[in-house]
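Read through the structure below, which is laid out as structure tokens, and then see the notes.
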Amino acid sequence: MDTTGEKNISVLGDDPGLLKAAMISQQDEISQLTWLCDSMEKLLSLHNQEQIQEGFLLLVEEITNYRHCVLYLFGDAPHQYSIQACRGITAEEVQTKYQLEADILRWVIKENRWTVIPGEGNGNEDFWVSILPLVSAGKEIGFLLLNTCPDQRIFTQGNLRRLTYIASYVALALENGRLYQNIVNTKNYLKDIIENINEGILTLGIDGNISLLNRNVTALLGLASADIVGQSCQHCLSPELKRAFDIIIGQTFKQGYVMDYRLDHTPQEGQSIPLAINCSLLRDEKGVPNGVIITLRDLTTSLELQRFRELDAMKDEFISNVSHELRTPLGIITSYIEALLERVKPEDLATQRKFLSIANQACDRITGLVNNLLDLSQIESGRFFLDLKRVNLKDIAVSVVKSLELCQGEVEVQLALAQDLPYILADEEKIYQAILNIASNALKYSPVGRTVLIKVFKDNNMVKLMVHDEGVGIPEDELPYVFEKFYRSSSSAAGFQGSGLGLPIAKHIVEAHQGTIEVESTLGKGSIFTISLPFPDGNERGGSYGGE
Amino acid sequence: MEENRKKILVVEDEKFARDILNFTLSSEDYDISLAEDGLEALNKASSNNYDLIIMDVMMPNIDGYEACRRLKANEITKSIPIILLTGRAQKGDILKGVQAGADDYLLKPYKLQDLLNRVNKYIGPGTSVSLAQASNNSEPAIAE
């Protein structure tokens, strides 16, 4: 039934009854259109797909009073559609009940008109199936399948116009909703990236106000709250950070960027975070700078990695040095024995004796190194045990000096021993090894003609042994590392040999005895290593020491 | 006869290793000079006309690699064959020796005879005088 009444008005003539009826009809039409307009306005203001669908299906129900309906939407691939919503029927029932002909469907969508599909009722005329295409600005969004009574009052020109009008707006609203959802998804995706990236990201407007920050910034800078967007950057930062940011931002505006600005940031007492800060300009669409983006990287892990690489290199160097330390005395042994066998006359007993003695000393040297390596492996594996006995430190010092005299004739070793030293409880072999390590180091780094002084004395409640050399000395910045495993002083680069094990092992042995080991050094003048070992109460004069 | 003897510079910081090289090479009638480190070796090599240099790698002041590099870069000394002796047995160590321009490389411990064979390969026997004269050589002395 046509309810617009356009044609009727032109032929109404002067009949007041007809005119009145036409006016009422027009008024109905206007109120219907107003209702439609309002509904469309509401639909278009929605961004949520489901709300749009819901509103749309209610409107259609009002107009067509459908038994059930199915909303299909097209996907990204052409002619691929899927069920988006059903009313009065389940999705499973839809699959068995309706087999839509692709060609017919394509034709209906192309015509973009509400169309009754013949045959879908199977000749049973108690329902009609119709399709309402949803097309927006030429883009096919989807279609609505309707199952209604076969009532001519439903399939009117007016309803056709209304539904076409609604469909075009709903298609637009759905498309807008889809685009809006895309924007929301993209925004969430970017937000996810910004939040989960390993670095801290902070952007500032040209006014210095914070426009964006992620949670890493809060953690790395130790900020009290993450809720500081819009606030001035200067108000949220500690004085230390403020100074650093001033420099970074200043440089960025001068040269466009700042790369890897290093800052050891202390967000709280006792916690230090090594930071690398990058900064670059943000620009608007015209290329005018409108802010800066700052990224903060926590270098803790990469510094650790660097430390591991250094350790690895130290280990390689260690293997090479141990090889050298073993091969050098081994070379001496083989050379002297070969010379004894091939070159020294059988009657030349003096040379034979001399060569054997040299080979013997080289054997001692190898034994010393092997002992150090064994000590190290025991220390590393936690199987380092002490065999404690009453011993006098000066006796050990004397035997160390004896074995040193055997090895070296070019540096003089002097011994200064205090009288009446108290005994200590110690593992004699281990303490011997510790002192030998320190003293042979002193000899190694002493030029020919210099003296190494070994002093043993009592100081408060400790017995102390001091090794004083006039050697090359240790640079001040290297002093904290001399007791580190594999560490070899820069003087080692000048060709001094060593495995880098002697001092760390000495330190471990001394500390296992509840003692301490200290070093003082002046570059070019020499070093003083001092071992302090506690002695048991009540033997200050060494009276109970059985050996004396 | 002194002038005919081949001159070898032995560079070694270990006293005992130095002594045995001196003893062995002298007994083969080579004319031996000794140096304790790379710096001393460079000084001696520039003013003496050595036929061969035998040098340890790990030494104070200037190590064997560096001394070798400098000797090979110097017009006066670059043609002198250099045999490096080392206890460092890593692949990289040998490569370093080759890069420094060493002619030969012996790993400690080595046989003295092996070293003598190589010395002979580069410069021949210690003296070019006749065998009869050679047998009159005095005993080599070992440093005390």
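So you can find residues: chains in the structure tokens are A, B, ... in the order shown, residues in each start at 1, and ligands are numbered from 1 in order.
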Should the cut-off be 10 Å, what would the residue list for chain B against chain A look like, counting only C-alpha atoms, as an MDAnalysis selection string?
chainID B and resid 13:21 23:24 27 37:38 57:64 85:93 107:113 142 144
DSSP-assigned helix (DSSP H, G or I) members of range 28-131 of chain B, reported as a VMD selection string
chain B and resid 38 to 47 64 to 73 91 to 99 112 to 123 131
Could those selected residues go to a file with C-alpha atoms, as a compact mmCIF listing (two decimals), in the first residue's frame?
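Contents of selection13.txt, freshly written:
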# COMPACT_ATOMS: atom_id res chain seq x y z
CA GLY B 38 112.97 -7.37 23.35
CA LEU B 39 114.37 -3.91 23.90
CA GLU B 40 117.91 -5.17 24.42
CA ALA B 41 117.48 -7.40 21.37
CA LEU B 42 116.50 -4.43 19.16
CA ASN B 43 119.50 -2.41 20.36
CA LYS B 44 121.95 -5.24 19.79
CA ALA B 45 120.49 -6.29 16.44
CA SER B 46 120.79 -2.82 14.93
CA SER B 47 124.52 -2.54 15.64
CA GLY B 64 108.86 -11.35 21.15
CA TYR B 65 106.03 -10.58 18.72
CA GLU B 66 106.63 -6.84 18.88
CA ALA B 67 110.42 -7.18 18.69
CA CYS B 68 109.99 -9.46 15.68
CA ARG B 69 107.66 -6.96 13.99
CA ARG B 70 110.15 -4.13 14.52
CA LEU B 71 113.12 -6.16 13.34
CA LYS B 72 111.27 -7.13 10.16
CA ALA B 73 110.26 -3.49 9.57
CA LYS B 91 96.20 -21.31 17.52
CA GLY B 92 95.98 -17.54 17.80
CA ASP B 93 99.46 -17.39 19.32
CA ILE B 94 101.05 -19.13 16.33
CA LEU B 95 99.11 -16.87 13.97
CA LYS B 96 100.46 -13.87 15.85
CA GLY B 97 104.00 -15.14 15.29
CA VAL B 98 103.37 -15.54 11.56
CA GLN B 99 101.84 -12.07 11.37
CA LEU B 112 117.75 -29.01 21.31
CA GLN B 113 118.59 -31.15 18.30
CA ASP B 114 115.41 -29.97 16.60
CA LEU B 115 116.43 -26.37 17.19
CA LEU B 116 119.94 -27.07 15.89
CA ASN B 117 118.51 -28.62 12.72
CA ARG B 118 116.49 -25.49 12.06
CA VAL B 119 119.44 -23.20 12.78
CA ASN B 120 121.46 -25.30 10.34
CA LYS B 121 118.69 -25.01 7.76
CA TYR B 122 118.79 -21.20 7.87
CA ILE B 123 122.50 -20.44 8.28
CA LEU B 131 136.64 -30.21 9.85
Name the residues in contact with Ala426 in chain A at a cut-off of 7 Å, using only C-alpha atoms, excluding same-chain residues fewer than 4 positions from it; report them as JSON, numbers by chain.
{"A": [388, 389, 390, 391, 513]}
What does the distance from CA of Leu282 in chain A to CA of Leu223 in chain A come to in Å, to one decimal?
23.5 Å
CA of Glu199 in chain A to CA of Leu275 in chain A, straight-line distance in Å:
10.1 Å
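Within the 12 Å cut-off around Leu376 in chain A, using only C-alpha atoms and omitting residues fewer than 2 positions from it on the same chain, the listed residues are Leu369, Val370, Asn371, Asn372, Leu373, Leu374, Gln378, Ile379, Glu380, Ser381, Gly382, Arg383, Phe384, Lys430, Gln433, Lys485, Phe486, Ser499, Gly500, Leu501, Gly502, Leu503, Pro504, Ile505, Ala506, Lys507, His508 and Ile509 of chain A.
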Suppose you want the space between CA of Gln234 in chain A and CA of Gln251 in chain A; what is it in Å?
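Separation between CA of Gln234 in chain A and CA of Gln251 in chain A: 16.7 Å.
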Using the chain letters and numbers from this document, which residues of chain B does DSSP assign to strand (DSSP E), as a PyMOL selection string?
chain B and resi 7-11+31-35+52-56+82-86+104-107
Mind checking which residues fall within 9 Å of Phe56 in chain A, counting only C-alpha atoms, ignoring those fewer than 6 positions away in the same chain, and posting them as a PyMOL selection string?
chain A and resi 39-40+43+166-167+170
With distances taken over only C-alpha atoms, which of A:Thr164, A:Gln271, A:Asn198, A:Asn360 is nearest to Arg215 in chain A?
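With only C-alpha atoms as the atom set, the closest residue is A:Asn198.
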Leaving out range 51-56 of chain B and any residue of its chain fewer than 3 positions from it, which residues lie within 6 Å of it when counting only C-alpha atoms, given as a list in words?
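The filter keeps Lys7, Ile8, Leu9, Val10, Val11, Glu12, Gly64, Ile80, Pro81, Ile82, Ile83, Leu84, Leu85 and Thr86 of chain B.
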